[in-house]
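> Have a peek at entry01.txt (compact mmCIF, C-alpha atoms).
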```txt
# COMPACT_ATOMS: atom_id res chain seq x y z
CA MET A 4 34.60 -16.50 25.70
CA THR A 5 33.23 -13.46 23.88
CA THR A 6 30.94 -15.72 21.84
CA LEU A 7 29.69 -17.29 25.06
CA ILE A 8 28.99 -13.87 26.56
CA THR A 9 27.14 -12.87 23.37
CA ILE A 10 24.97 -16.00 23.48
CA TYR A 11 24.39 -15.43 27.20
CA SER A 12 23.36 -11.79 26.52
CA ILE A 13 20.88 -12.80 23.84
CA LEU A 14 19.44 -15.61 25.95
CA ILE A 15 18.87 -13.46 29.05
CA THR A 16 17.21 -10.84 26.84
CA ILE A 17 14.80 -13.37 25.33
CA LEU A 18 14.12 -14.96 28.71
CA ALA A 19 13.52 -11.62 30.46
CA TYR A 20 11.16 -10.56 27.67
CA PHE A 21 9.05 -13.72 27.85
CA ILE A 22 8.90 -13.66 31.65
CA GLY A 23 7.99 -9.96 31.41
CA ARG A 24 5.12 -10.71 29.00
CA LYS A 25 3.81 -13.49 31.24
CA ILE A 26 3.90 -11.30 34.35
CA TYR A 27 2.27 -8.37 32.56
CA ALA A 28 -0.56 -10.59 31.29
CA LYS A 29 -1.27 -11.70 34.86
CA HIS A 30 -0.58 -8.48 36.75
CA PRO A 31 -0.77 -5.48 34.42
CA SER A 32 0.82 -2.46 36.11
CA PRO A 33 3.15 0.34 35.01
CA PHE A 34 6.08 -1.53 36.56
CA THR A 35 5.42 -4.85 34.86
CA THR A 36 5.32 -3.51 31.28
CA PRO A 37 7.62 -5.98 29.46
CA VAL A 38 10.28 -3.49 28.36
CA PHE A 39 10.56 -1.79 31.75
CA PHE A 40 10.62 -5.12 33.58
CA SER A 41 13.14 -6.68 31.16
CA THR A 42 15.44 -3.66 31.22
CA VAL A 43 15.67 -3.59 34.99
CA THR A 44 16.05 -7.39 35.20
CA ILE A 45 18.75 -7.58 32.52
CA ILE A 46 20.77 -4.72 34.01
CA LEU A 47 20.64 -6.46 37.39
CA VAL A 48 21.59 -9.84 35.89
CA LEU A 49 24.50 -8.24 34.00
CA LEU A 50 25.76 -6.54 37.16
CA ILE A 51 25.44 -9.75 39.20
CA SER A 52 27.27 -11.67 36.46
CA GLY A 53 30.06 -9.10 36.61
CA LEU A 54 29.42 -7.92 33.04
CA ASP A 55 29.15 -4.35 31.77
CA PHE A 56 27.47 -2.76 28.78
CA ASN A 57 30.49 -3.42 26.54
CA ASP A 58 30.14 -7.15 27.09
CA TYR A 59 26.46 -6.91 26.23
CA SER A 60 26.92 -4.76 23.12
CA THR A 61 27.62 -7.55 20.58
CA GLY A 62 24.39 -9.27 21.61
CA LYS A 63 22.67 -5.90 21.42
CA ASP A 64 23.90 -5.34 17.85
CA ILE A 65 22.62 -8.75 16.76
CA ILE A 66 19.14 -8.16 18.18
CA THR A 67 18.82 -4.57 16.98
CA TYR A 68 19.94 -5.62 13.48
CA PHE A 69 16.43 -7.04 13.10
CA LEU A 70 14.82 -3.68 13.86
CA GLY A 71 15.46 -2.88 10.16
CA PRO A 72 13.26 -5.67 8.74
CA ALA A 73 10.84 -5.17 11.66
CA THR A 74 10.36 -1.55 10.54
CA VAL A 75 9.80 -2.69 6.95
CA ALA A 76 7.24 -5.21 8.26
CA LEU A 77 5.11 -2.31 9.52
CA ALA A 78 3.92 -1.94 5.93
CA VAL A 79 1.72 -4.98 6.57
CA PRO A 80 -0.55 -3.49 9.30
CA LEU A 81 -0.53 -0.28 7.26
CA TYR A 82 -1.73 -2.21 4.21
CA LYS A 83 -4.28 -4.36 6.04
CA ASN A 84 -5.95 -1.36 7.66
CA ARG A 85 -5.63 0.99 4.70
CA THR A 86 -9.41 1.14 4.11
CA ILE A 87 -10.27 2.20 7.64
CA ILE A 88 -7.27 4.54 7.83
CA VAL A 89 -8.32 6.21 4.58
CA LYS A 90 -11.95 6.35 5.75
CA TYR A 91 -10.94 8.04 8.99
CA GLY A 92 -7.98 9.68 7.29
CA ILE A 93 -8.82 13.25 8.24
CA PRO A 94 -9.36 12.60 11.99
CA ALA A 95 -6.32 10.31 12.05
CA ILE A 96 -3.89 12.66 10.32
CA SER A 97 -5.22 15.68 12.29
CA GLY A 98 -4.68 13.80 15.54
CA MET A 99 -1.20 12.78 14.50
CA ILE A 100 -0.08 16.21 13.32
CA LEU A 101 -1.61 18.03 16.32
CA GLY A 102 -0.23 15.44 18.77
CA LEU A 103 3.28 15.61 17.31
CA THR A 104 3.20 19.41 17.15
CA VAL A 105 2.04 19.74 20.77
CA THR A 106 4.54 17.23 22.12
CA LEU A 107 7.46 18.80 20.20
CA ILE A 108 6.59 22.43 21.02
CA LEU A 109 6.09 21.60 24.71
CA ALA A 110 9.37 19.67 24.80
CA PHE A 111 11.27 22.56 23.17
CA VAL A 112 9.64 25.20 25.38
CA ILE A 113 10.35 23.32 28.61
CA ALA A 114 13.88 22.36 27.49
CA ASN A 115 14.58 26.00 26.60
CA ALA A 116 13.18 27.19 29.93
CA PHE A 117 15.78 24.99 31.64
CA SER A 118 18.34 26.08 29.00
CA LEU A 119 19.17 22.48 28.12
CA PRO A 120 22.00 22.19 25.57
CA GLN A 121 21.62 21.83 21.79
CA PHE A 122 22.36 18.08 21.61
CA ILE A 123 19.43 17.45 23.97
CA LEU A 124 17.08 19.52 21.78
CA GLN A 125 18.16 17.45 18.77
CA GLY A 126 17.37 14.27 20.67
CA LEU A 127 13.98 15.63 21.77
CA ALA A 128 13.03 16.40 18.17
CA VAL A 129 12.87 12.68 17.37
CA LYS A 130 11.68 11.37 20.74
CA SER A 131 8.25 10.26 19.53
CA ILE A 132 9.31 8.17 16.55
CA THR A 133 10.60 4.64 16.45
CA VAL A 134 14.29 4.07 17.29
CA PRO A 135 15.57 2.91 13.89
CA ILE A 136 14.09 5.99 12.20
CA ALA A 137 15.09 8.35 15.03
CA VAL A 138 18.69 7.14 14.99
CA GLU A 139 18.89 7.46 11.21
CA ILE A 140 17.54 11.01 11.24
CA THR A 141 19.91 12.05 14.02
CA GLU A 142 22.85 10.63 12.06
CA LEU A 143 21.72 12.39 8.86
CA TYR A 144 21.60 15.72 10.70
CA GLY A 145 24.72 15.24 12.83
CA GLY A 146 23.28 14.77 16.32
CA ASN A 147 24.11 12.21 19.01
CA PRO A 148 22.26 8.96 18.13
CA ASN A 149 22.74 7.52 21.64
CA VAL A 150 21.00 10.48 23.24
CA SER A 151 18.17 10.25 20.70
CA ALA A 152 17.76 6.53 21.35
CA ALA A 153 17.66 7.15 25.11
CA PHE A 154 14.89 9.77 24.75
CA VAL A 155 12.91 7.59 22.36
CA ILE A 156 13.09 4.65 24.75
CA LEU A 157 12.21 6.76 27.79
CA THR A 158 9.25 8.26 25.92
CA GLY A 159 8.08 4.80 24.90
CA VAL A 160 8.48 3.28 28.36
CA LEU A 161 6.83 6.28 30.07
CA GLY A 162 4.06 6.21 27.48
CA THR A 163 3.22 2.56 28.12
CA MET A 164 3.39 3.19 31.86
CA ILE A 165 1.23 6.35 32.01
CA ALA A 166 -0.99 6.44 28.94
CA PRO A 167 -3.41 3.50 29.38
CA ARG A 168 -4.80 4.69 32.71
CA MET A 169 -4.68 8.34 31.70
CA MET A 170 -6.79 7.72 28.58
CA ASP A 171 -9.25 5.61 30.62
CA LYS A 172 -9.66 8.48 33.08
CA LEU A 173 -10.22 10.99 30.25
CA ASN A 174 -12.83 8.72 28.69
CA ILE A 175 -10.86 8.14 25.52
CA THR A 176 -12.28 4.71 24.83
CA MET A 177 -12.40 4.52 21.04
CA PRO A 178 -9.81 1.89 20.03
CA PHE A 179 -9.03 3.74 16.78
CA ALA A 180 -8.21 6.96 18.69
CA ARG A 181 -6.15 5.11 21.31
CA GLY A 182 -4.23 3.25 18.61
CA ILE A 183 -3.37 6.46 16.76
CA ALA A 184 -2.13 8.11 19.97
CA TYR A 185 -0.06 5.08 21.04
CA GLY A 186 1.65 4.82 17.68
CA THR A 187 2.13 8.56 17.16
CA ILE A 188 3.51 9.50 20.57
CA ALA A 189 4.99 6.26 21.94
CA HIS A 190 6.08 4.51 18.68
CA GLY A 191 7.01 0.79 18.91
CA LEU A 192 6.57 0.46 22.64
CA GLY A 193 3.18 2.16 22.40
CA THR A 194 2.29 -0.18 19.54
CA ALA A 195 3.18 -3.19 21.66
CA GLN A 196 0.98 -1.82 24.45
CA ALA A 197 -1.84 -1.15 21.96
CA ALA A 198 -1.60 -4.73 20.70
CA GLN A 199 -2.22 -5.92 24.26
CA GLU A 200 -5.51 -3.98 24.27
CA SER A 201 -6.72 -5.53 21.01
CA GLU A 202 -5.31 -6.70 17.70
CA PHE A 203 -7.11 -3.86 15.93
CA THR A 204 -5.70 -1.18 18.29
CA GLY A 205 -2.24 -2.64 17.70
CA ALA A 206 -2.62 -2.57 13.93
CA VAL A 207 -3.79 1.05 13.99
CA ALA A 208 -0.89 1.96 16.29
CA GLY A 209 1.56 0.21 13.95
CA ALA A 210 0.22 2.21 11.05
CA ALA A 211 0.31 5.46 13.05
CA MET A 212 3.91 4.81 14.11
CA ALA A 213 4.88 4.23 10.49
CA ILE A 214 3.14 7.41 9.34
CA ALA A 215 4.59 9.45 12.24
CA GLY A 216 8.06 8.21 11.24
CA ILE A 217 7.48 9.28 7.65
CA LEU A 218 6.03 12.66 8.73
CA ILE A 219 8.97 13.48 11.01
CA SER A 220 11.48 12.29 8.36
CA CYS A 221 9.90 14.54 5.74
CA PHE A 222 9.45 17.59 7.97
CA PHE A 223 12.73 17.28 9.83
CA PRO A 224 14.46 20.01 7.78
CA LEU A 225 11.68 22.34 9.00
CA ILE A 226 11.94 21.16 12.63
CA ASP A 227 15.73 21.48 12.42
CA ASN A 228 15.31 25.22 11.74
CA PHE A 229 13.84 25.69 15.22
CA LEU A 230 16.74 23.99 17.00
CA MET B 17 9.91 -27.54 9.47
CA LYS B 18 8.03 -26.10 6.51
CA LYS B 19 6.92 -23.22 8.70
CA SER B 20 10.46 -22.30 9.74
CA PHE B 21 11.55 -22.38 6.09
CA THR B 22 8.70 -20.01 5.18
CA PHE B 23 9.64 -17.81 8.15
CA ILE B 24 13.27 -17.55 7.04
CA MET B 25 12.36 -16.88 3.38
CA GLN B 26 9.99 -14.08 4.42
CA LEU B 27 12.63 -12.67 6.76
CA LEU B 28 15.10 -12.64 3.85
CA MET B 29 12.54 -10.78 1.75
CA LEU B 30 12.16 -8.13 4.47
CA LEU B 31 15.95 -7.86 4.81
CA ILE B 32 16.35 -7.39 1.05
CA LEU B 33 13.67 -4.67 1.00
CA CYS B 34 15.41 -2.98 3.92
CA LYS B 35 18.82 -3.08 2.17
CA LEU B 36 17.22 -1.80 -1.02
CA GLY B 37 15.69 1.04 0.98
CA TYR B 38 19.12 2.00 2.35
CA TYR B 39 20.62 1.78 -1.13
CA LEU B 40 17.94 4.10 -2.58
CA SER B 41 18.21 6.51 0.35
CA ASP B 42 21.98 6.76 -0.17
CA HIS B 43 22.04 7.01 -3.93
CA LEU B 44 19.11 9.35 -4.43
CA GLN B 45 20.19 11.33 -1.36
CA LEU B 46 16.67 11.23 0.04
CA PRO B 47 16.03 12.85 3.42
CA ILE B 48 14.12 9.71 4.51
CA PRO B 49 15.89 6.83 6.32
CA GLY B 50 16.42 3.58 4.39
CA ASN B 51 14.20 1.45 6.61
CA VAL B 52 11.26 3.82 6.00
CA ILE B 53 11.90 3.63 2.26
CA GLY B 54 11.89 -0.16 2.63
CA MET B 55 8.53 0.08 4.37
CA ILE B 56 7.12 2.33 1.62
CA LEU B 57 8.46 -0.10 -1.03
CA LEU B 58 6.73 -3.04 0.66
CA PHE B 59 3.50 -1.06 0.90
CA ILE B 60 3.66 -0.24 -2.83
CA LEU B 61 4.36 -3.90 -3.67
CA LEU B 62 1.33 -4.95 -1.64
CA GLN B 63 -0.91 -2.23 -2.99
CA THR B 64 -0.01 -3.03 -6.62
CA ARG B 65 -0.54 -6.76 -5.84
CA ILE B 66 2.95 -7.62 -7.07
CA LEU B 67 3.36 -9.18 -3.63
CA LYS B 68 0.53 -10.96 -1.86
CA VAL B 69 0.14 -10.18 1.82
CA GLU B 70 0.10 -13.95 2.55
CA TRP B 71 3.66 -14.20 1.25
CA ILE B 72 5.01 -11.92 3.93
CA GLU B 73 2.44 -12.21 6.71
CA LEU B 74 4.03 -14.90 8.90
CA THR B 75 7.32 -13.12 9.61
CA SER B 76 5.85 -9.61 9.50
CA GLY B 77 3.18 -10.56 12.01
CA PHE B 78 5.80 -12.06 14.31
CA LEU B 79 8.16 -9.07 14.09
CA VAL B 80 5.39 -6.51 14.63
CA LYS B 81 3.92 -8.51 17.54
CA HIS B 82 7.28 -8.68 19.28
CA LEU B 83 8.48 -5.25 18.23
CA ALA B 84 8.98 -4.26 21.88
CA PHE B 85 11.56 -7.05 22.24
CA PHE B 86 13.92 -5.41 19.75
CA PHE B 87 13.96 -2.22 21.83
CA ILE B 88 15.11 -3.92 25.03
CA PRO B 89 18.85 -3.97 24.14
CA ILE B 90 18.65 -0.27 23.24
CA SER B 91 17.07 0.52 26.57
CA ILE B 92 19.87 -1.44 28.28
CA SER B 93 22.19 1.21 26.83
CA LEU B 94 20.53 3.61 29.29
CA MET B 95 22.93 2.08 31.83
CA THR B 96 25.74 3.99 30.11
CA MET B 97 23.81 7.27 30.10
CA GLY B 98 23.92 7.85 33.85
CA TRP B 99 25.91 11.08 33.36
CA LEU B 100 23.09 12.57 31.26
CA PHE B 101 20.52 11.96 33.97
CA ILE B 102 22.78 13.00 36.81
CA LYS B 103 23.47 16.27 35.02
CA PHE B 104 19.99 16.99 33.60
CA GLY B 105 17.73 14.54 35.47
CA LEU B 106 14.88 16.71 36.73
CA PRO B 107 14.55 19.06 33.73
CA LEU B 108 14.72 16.07 31.40
CA ALA B 109 12.09 14.12 33.34
CA LEU B 110 9.79 17.16 33.27
CA THR B 111 10.40 17.80 29.57
CA LEU B 112 9.78 14.19 28.55
CA GLY B 113 6.87 13.60 30.95
CA VAL B 114 4.86 16.77 30.33
CA SER B 115 5.32 16.74 26.55
CA LEU B 116 4.35 13.06 26.45
CA ILE B 117 1.16 13.49 28.49
CA PHE B 118 -0.16 16.43 26.47
CA GLY B 119 0.88 14.85 23.17
CA PHE B 120 -1.14 11.76 24.05
CA ILE B 121 -4.21 13.67 25.18
CA VAL B 122 -4.27 16.01 22.16
CA SER B 123 -3.68 13.22 19.68
CA ALA B 124 -6.24 10.73 21.05
CA TRP B 125 -8.84 13.39 21.85
CA THR B 126 -8.62 14.97 18.38
CA VAL B 127 -9.11 11.61 16.65
CA GLN B 128 -12.02 10.64 18.92
CA LYS B 129 -13.83 13.99 18.59
CA LEU B 130 -13.40 14.31 14.82
CA SER B 131 -14.46 10.72 14.11
CA HIS B 132 -17.56 11.04 16.26
CA ARG B 133 -18.70 14.28 14.74
CA GLY B 134 -19.08 12.82 11.26
CA GLU B 135 -20.41 9.44 12.26
CA VAL B 136 -22.50 9.56 15.33
CA LYS B 137 -25.74 10.81 13.83
CA GLN B 138 -26.05 8.52 10.83
CA HIS B 139 -24.71 5.30 12.28
CA ASP B 140 -25.28 5.36 15.96
CA ASN B 141 -23.15 2.36 16.80
CA ALA B 142 -20.79 2.19 13.88
CA HIS B 143 -17.84 3.71 15.72
CA TYR B 144 -17.94 1.16 18.50
CA HIS B 145 -16.46 -1.35 16.13
CA LEU B 146 -13.45 0.85 15.62
```
Now, as a test, write the supplied structure out as C-alpha cells.

Amino acid sequence: MTTLITIYSILITILAYFIGRKIYAKHPSPFTTPVFFSTVTIILVLLISGLDFNDYSTGKDIITYFLGPATVALAVPLYKNRTIIVKYGIPAISGMILGLTVTLILAFVIANAFSLPQFILQGLAVKSITVPIAVEITELYGGNPNVSAAFVILTGVLGTMIAPRMMDKLNITMPFARGIAYGTIAHGLGTAQAAQESEFTGAVAGAAMAIAGILISCFFPLIDNFL
Amino acid sequence: MKKSFTFIMQLLMLLILCKLGYYLSDHLQLPIPGNVIGMILLFILLQTRILKVEWIELTSGFLVKHLAFFFIPISISLMTMGWLFIKFGLPLALTLGVSLIFGFIVSAWTVQKLSHRGEVKQHDNAHYHL
C-alpha cells in the first residue's frame, strides 16, 4: 500500500508539472507558473484522495534526491557561457553582490522591525539561493531546514510571479541582465522562468544561481554574525 | 534505447560527482555544501578538458531544463507550515515581498547599466545579442 501511495505521489507530481507547463505556455500569468499551479493542484488532489503530507513524503524524498545531481549539472550552463560571463564579469558580479546585499539587508531590517524570531532570520539569510544549497547551509549552521526551504520556495514562486512584468515595466530588457537577476534572487524557479524567455536567459540565470549559491556559502560565516 | 542508456550513464556520473562533493565537504570540513563542491568539480573537469561537455550534456540539459520540477515536492511541504504563516503571515509576506522586489530591481538594473556604459559607444548593437 505504501509503495502504491509513493508511486501515486510521484505520478501526480509529474502529471501536474506537465499540465502546468502546457497551461503556462498557452496562458502565461502569475497564477499559471508551473510550480505554483502544480503545488496548488497536488495539495488539492492529496486532500481529495484523503492523503496527508506524511503519505506524500516518500515520493517527495525520491524526487528531491535528484536535486543533488541537478545542482551539479548547473556546471554545464556555467561552462558553456563562461566566455560571456567573464566578458561581462564586472557588471554581472556587481549586480549579483548588490542584489543579494539589498535583498538580505531589507529582509533583516523588515524582519527586525516586526521583531520576528531568530529561526526566521536564519531562514531569510538563505532565501535567495537554491534549495539544496540553502538546506545544507542551514544544517551546517544549526537552523531549521524546513523553514529555510519554505522561504526559498516562496521567494522563487513570488519571483516568477512578480518579476517578469515588473522588469518589463522598468524597461529592463537586456536578456543578460534579466538572467542574472532571475538566477541571483529567485534561484532555480527564477532560472526555469528565465529559460521560458530564451535559452540564453536561462543559461545565464543557471550560472548566476550557481554563483549566488557559492557566494552565500562562502560568505555565510559573515552573514551569520549579523543574525 | 541507446539514448536512455546514455542518459542513465550521465546521470550516474552526476551522482558520483555529487557524492564526491559531499565526501570532500565532510572530510576537509569545508564551509561549502557538497553539491556545490560537486558543481565546482564538474566545472574544473570541463575547463581542463578531462571531461567533454558532450559526455554530460544530455542529462545535464534535461535536469537544468526541468529544475523547477524538483522543487514542487518541497513546495508541497508548505502544507505543513500553516502554523508559521498563521503566526507570522503578514510580516513574513512583507519581508519576503519587499526584499524580493528591490533585490530584483537592483540586481537587473546594475547589470544593465554597467554593461551598457562600456559597450554602447563602440558597438552600438552588440548588447542586443546578449
> Measuring atom to atom with all atoms listed in the file, identify which of A:Ser32, A:Gln121, A:Thr5, A:Thr104 is nearest to Arg168 in chain A.
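Using all atoms listed in the file, the shortest distance to Arg168 in chain A belongs to A:Ser32.
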> Report the distance between CA of Ser93 in chain B and CA of Thr111 in chain B in Å, rounded to one decimal place.
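Separation of CA of Ser93 in chain B and CA of Thr111 in chain B: 20.5 Å.
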> CA of Gly145 in chain A to CA of Asp42 in chain B: how many Å, to one decimal?
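Atom-to-atom, CA of Gly145 in chain A to CA of Asp42 in chain B, that is 15.8 Å.
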> Please provide the set of residues having any atom within 8 Å of range 52-68 of chain B, restricted to only C-alpha atoms, with same-chain residues fewer than 3 positions apart removed, written as a short mmCIF file (atom, residue, chain, number, x, y, z; two decimals) with C-alpha atoms, in the coordinates of the input.

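What ended up in result25.cif:
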```cif
data_model
loop_
_atom_site.label_atom_id
_atom_site.label_comp_id
_atom_site.auth_asym_id
_atom_site.auth_seq_id
_atom_site.Cartn_x
_atom_site.Cartn_y
_atom_site.Cartn_z
CA THR A 74 10.36 -1.55 10.54
CA VAL A 75 9.80 -2.69 6.95
CA ALA A 76 7.24 -5.21 8.26
CA LEU A 77 5.11 -2.31 9.52
CA ALA A 78 3.92 -1.94 5.93
CA VAL A 79 1.72 -4.98 6.57
CA LEU A 81 -0.53 -0.28 7.26
CA TYR A 82 -1.73 -2.21 4.21
CA ILE A 136 14.09 5.99 12.20
CA ALA A 213 4.88 4.23 10.49
CA GLY A 216 8.06 8.21 11.24
CA ILE A 217 7.48 9.28 7.65
CA LEU B 33 13.67 -4.67 1.00
CA CYS B 34 15.41 -2.98 3.92
CA LYS B 35 18.82 -3.08 2.17
CA LEU B 36 17.22 -1.80 -1.02
CA GLY B 37 15.69 1.04 0.98
CA TYR B 38 19.12 2.00 2.35
CA LEU B 40 17.94 4.10 -2.58
CA SER B 41 18.21 6.51 0.35
CA ILE B 48 14.12 9.71 4.51
CA PRO B 49 15.89 6.83 6.32
CA TRP B 71 3.66 -14.20 1.25
CA ILE B 72 5.01 -11.92 3.93
#
```
> Calculate how many Å separate CA of Ile121 in chain B from CA of Ser201 in chain A, rounding to one decimal.
19.8 Å
> Using only C-alpha atoms, can you tell me which of A:Cys221, A:Ile88, A:Leu47, A:Ala208 comes closest to chain B?
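Ranked by minimum distance to chain B, first place goes to A:Cys221.
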> Can you build me a table of chain B residues sitting at most 7 Å from chain A, with the closest atom pair per residue and its distance in Å to one decimal, using only C-alpha atoms, sorted by chain and residue number, as a Markdown table?

```
| residue | atom | partner | partner_atom | distance |
| --- | --- | --- | --- | --- |
| B:Leu30 | CA | A:Pro72 | CA | 5.0 |
| B:Leu31 | CA | A:Pro72 | CA | 5.2 |
| B:Cys34 | CA | A:Pro72 | CA | 5.9 |
| B:Pro47 | CA | A:Ser220 | CA | 6.7 |
| B:Ile48 | CA | A:Ser220 | CA | 5.3 |
| B:Pro49 | CA | A:Glu139 | CA | 5.8 |
| B:Asn51 | CA | A:Gly71 | CA | 5.7 |
| B:Val52 | CA | A:Val75 | CA | 6.7 |
| B:Gly54 | CA | A:Val75 | CA | 5.4 |
| B:Met55 | CA | A:Val75 | CA | 4.0 |
| B:Ile56 | CA | A:Ala78 | CA | 6.9 |
| B:Leu58 | CA | A:Ala78 | CA | 6.1 |
| B:Phe59 | CA | A:Ala78 | CA | 5.1 |
| B:Ser76 | CA | A:Ala76 | CA | 4.8 |
| B:Leu79 | CA | A:Ala73 | CA | 5.3 |
| B:Val80 | CA | A:Ala73 | CA | 6.3 |
| B:Lys81 | CA | A:Ala195 | CA | 6.8 |
| B:Leu83 | CA | A:Gly191 | CA | 6.3 |
| B:Ala84 | CA | A:Leu192 | CA | 5.4 |
| B:Phe85 | CA | A:Tyr20 | CA | 6.5 |
| B:Phe86 | CA | A:Thr67 | CA | 5.7 |
| B:Ile88 | CA | A:Val38 | CA | 5.9 |
| B:Pro89 | CA | A:Lys63 | CA | 5.1 |
| B:Ser91 | CA | A:Ile156 | CA | 6.0 |
| B:Ile92 | CA | A:Thr42 | CA | 5.8 |
| B:Ser93 | CA | A:Phe56 | CA | 6.9 |
| B:Leu94 | CA | A:Ala153 | CA | 6.2 |
| B:Pro107 | CA | A:Phe117 | CA | 6.4 |
| B:Thr111 | CA | A:Ala110 | CA | 5.2 |
| B:Leu112 | CA | A:Thr158 | CA | 6.5 |
| B:Ser115 | CA | A:Thr106 | CA | 4.5 |
| B:Leu116 | CA | A:Thr106 | CA | 6.0 |
| B:Phe118 | CA | A:Thr106 | CA | 6.5 |
| B:Gly119 | CA | A:Thr106 | CA | 4.5 |
| B:Phe120 | CA | A:Ala184 | CA | 5.6 |
| B:Val122 | CA | A:Gly102 | CA | 5.3 |
| B:Ser123 | CA | A:Gly102 | CA | 4.2 |
| B:Ala124 | CA | A:Ala180 | CA | 4.9 |
| B:Trp125 | CA | A:Ile175 | CA | 6.7 |
| B:Thr126 | CA | A:Gly98 | CA | 5.0 |
| B:Val127 | CA | A:Pro94 | CA | 4.8 |
| B:Gln128 | CA | A:Ala180 | CA | 5.3 |
| B:Leu130 | CA | A:Pro94 | CA | 5.2 |
| B:Ser131 | CA | A:Pro94 | CA | 5.8 |
| B:Tyr144 | CA | A:Met177 | CA | 7.0 |
| B:Leu146 | CA | A:Phe179 | CA | 5.4 |
```
> Which is closer to Phe23 in chain B than all the others in B:Gly98, B:Gly113, B:Gly77, B:Gly105, using only C-alpha atoms?
B:Gly77
> Using the incomplete input, complete range 149-164 of chain A to the level of N, CA, C and O atoms; output as a tab-separated table (two decimals), in the coordinates of the input.

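Output saved as part_31.tsv:
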```tsv
chain	number	residue	atom	x	y	z
A	149	ASN	N	22.98	8.17	20.35
A	149	ASN	CA	22.74	7.52	21.64
A	149	ASN	C	21.76	8.29	22.50
A	149	ASN	O	20.91	7.72	23.16
A	150	VAL	N	21.91	9.63	22.47
A	150	VAL	CA	21.00	10.48	23.24
A	150	VAL	C	19.59	10.36	22.66
A	150	VAL	O	18.61	10.19	23.40
A	151	SER	N	19.49	10.39	21.33
A	151	SER	CA	18.17	10.25	20.70
A	151	SER	C	17.53	8.94	21.11
A	151	SER	O	16.37	8.91	21.52
A	152	ALA	N	18.31	7.84	21.02
A	152	ALA	CA	17.76	6.53	21.35
A	152	ALA	C	17.28	6.51	22.80
A	152	ALA	O	16.21	5.98	23.10
A	153	ALA	N	18.05	7.13	23.70
A	153	ALA	CA	17.66	7.15	25.11
A	153	ALA	C	16.32	7.87	25.29
A	153	ALA	O	15.43	7.39	26.00
A	154	PHE	N	16.14	9.01	24.60
A	154	PHE	CA	14.89	9.77	24.75
A	154	PHE	C	13.71	9.01	24.14
A	154	PHE	O	12.60	9.03	24.68
A	155	VAL	N	13.98	8.36	23.00
A	155	VAL	CA	12.91	7.59	22.36
A	155	VAL	C	12.45	6.48	23.30
A	155	VAL	O	11.26	6.29	23.52
A	156	ILE	N	13.42	5.76	23.86
A	156	ILE	CA	13.09	4.65	24.75
A	156	ILE	C	12.35	5.15	25.98
A	156	ILE	O	11.32	4.61	26.39
A	157	LEU	N	12.86	6.23	26.59
A	157	LEU	CA	12.21	6.76	27.79
A	157	LEU	C	10.78	7.19	27.48
A	157	LEU	O	9.86	6.93	28.26
A	158	THR	N	10.59	7.85	26.31
A	158	THR	CA	9.25	8.26	25.92
A	158	THR	C	8.35	7.04	25.76
A	158	THR	O	7.22	7.03	26.26
A	159	GLY	N	8.87	6.00	25.10
A	159	GLY	CA	8.08	4.80	24.90
A	159	GLY	C	7.72	4.12	26.21
A	159	GLY	O	6.57	3.74	26.44
A	160	VAL	N	8.72	3.97	27.09
A	160	VAL	CA	8.48	3.28	28.36
A	160	VAL	C	7.50	4.09	29.21
A	160	VAL	O	6.51	3.57	29.73
A	161	LEU	N	7.75	5.42	29.31
A	161	LEU	CA	6.83	6.28	30.07
A	161	LEU	C	5.43	6.22	29.49
A	161	LEU	O	4.44	6.16	30.21
A	162	GLY	N	5.36	6.24	28.15
A	162	GLY	CA	4.06	6.21	27.48
A	162	GLY	C	3.27	4.96	27.84
A	162	GLY	O	2.10	5.04	28.19
A	163	THR	N	3.95	3.79	27.80
A	163	THR	CA	3.22	2.56	28.12
A	163	THR	C	2.89	2.50	29.61
A	163	THR	O	1.95	1.84	30.01
A	164	MET	N	3.66	3.21	30.43
A	164	MET	CA	3.39	3.19	31.86
A	164	MET	C	2.23	4.13	32.23
A	164	MET	O	1.40	3.80	33.06
```
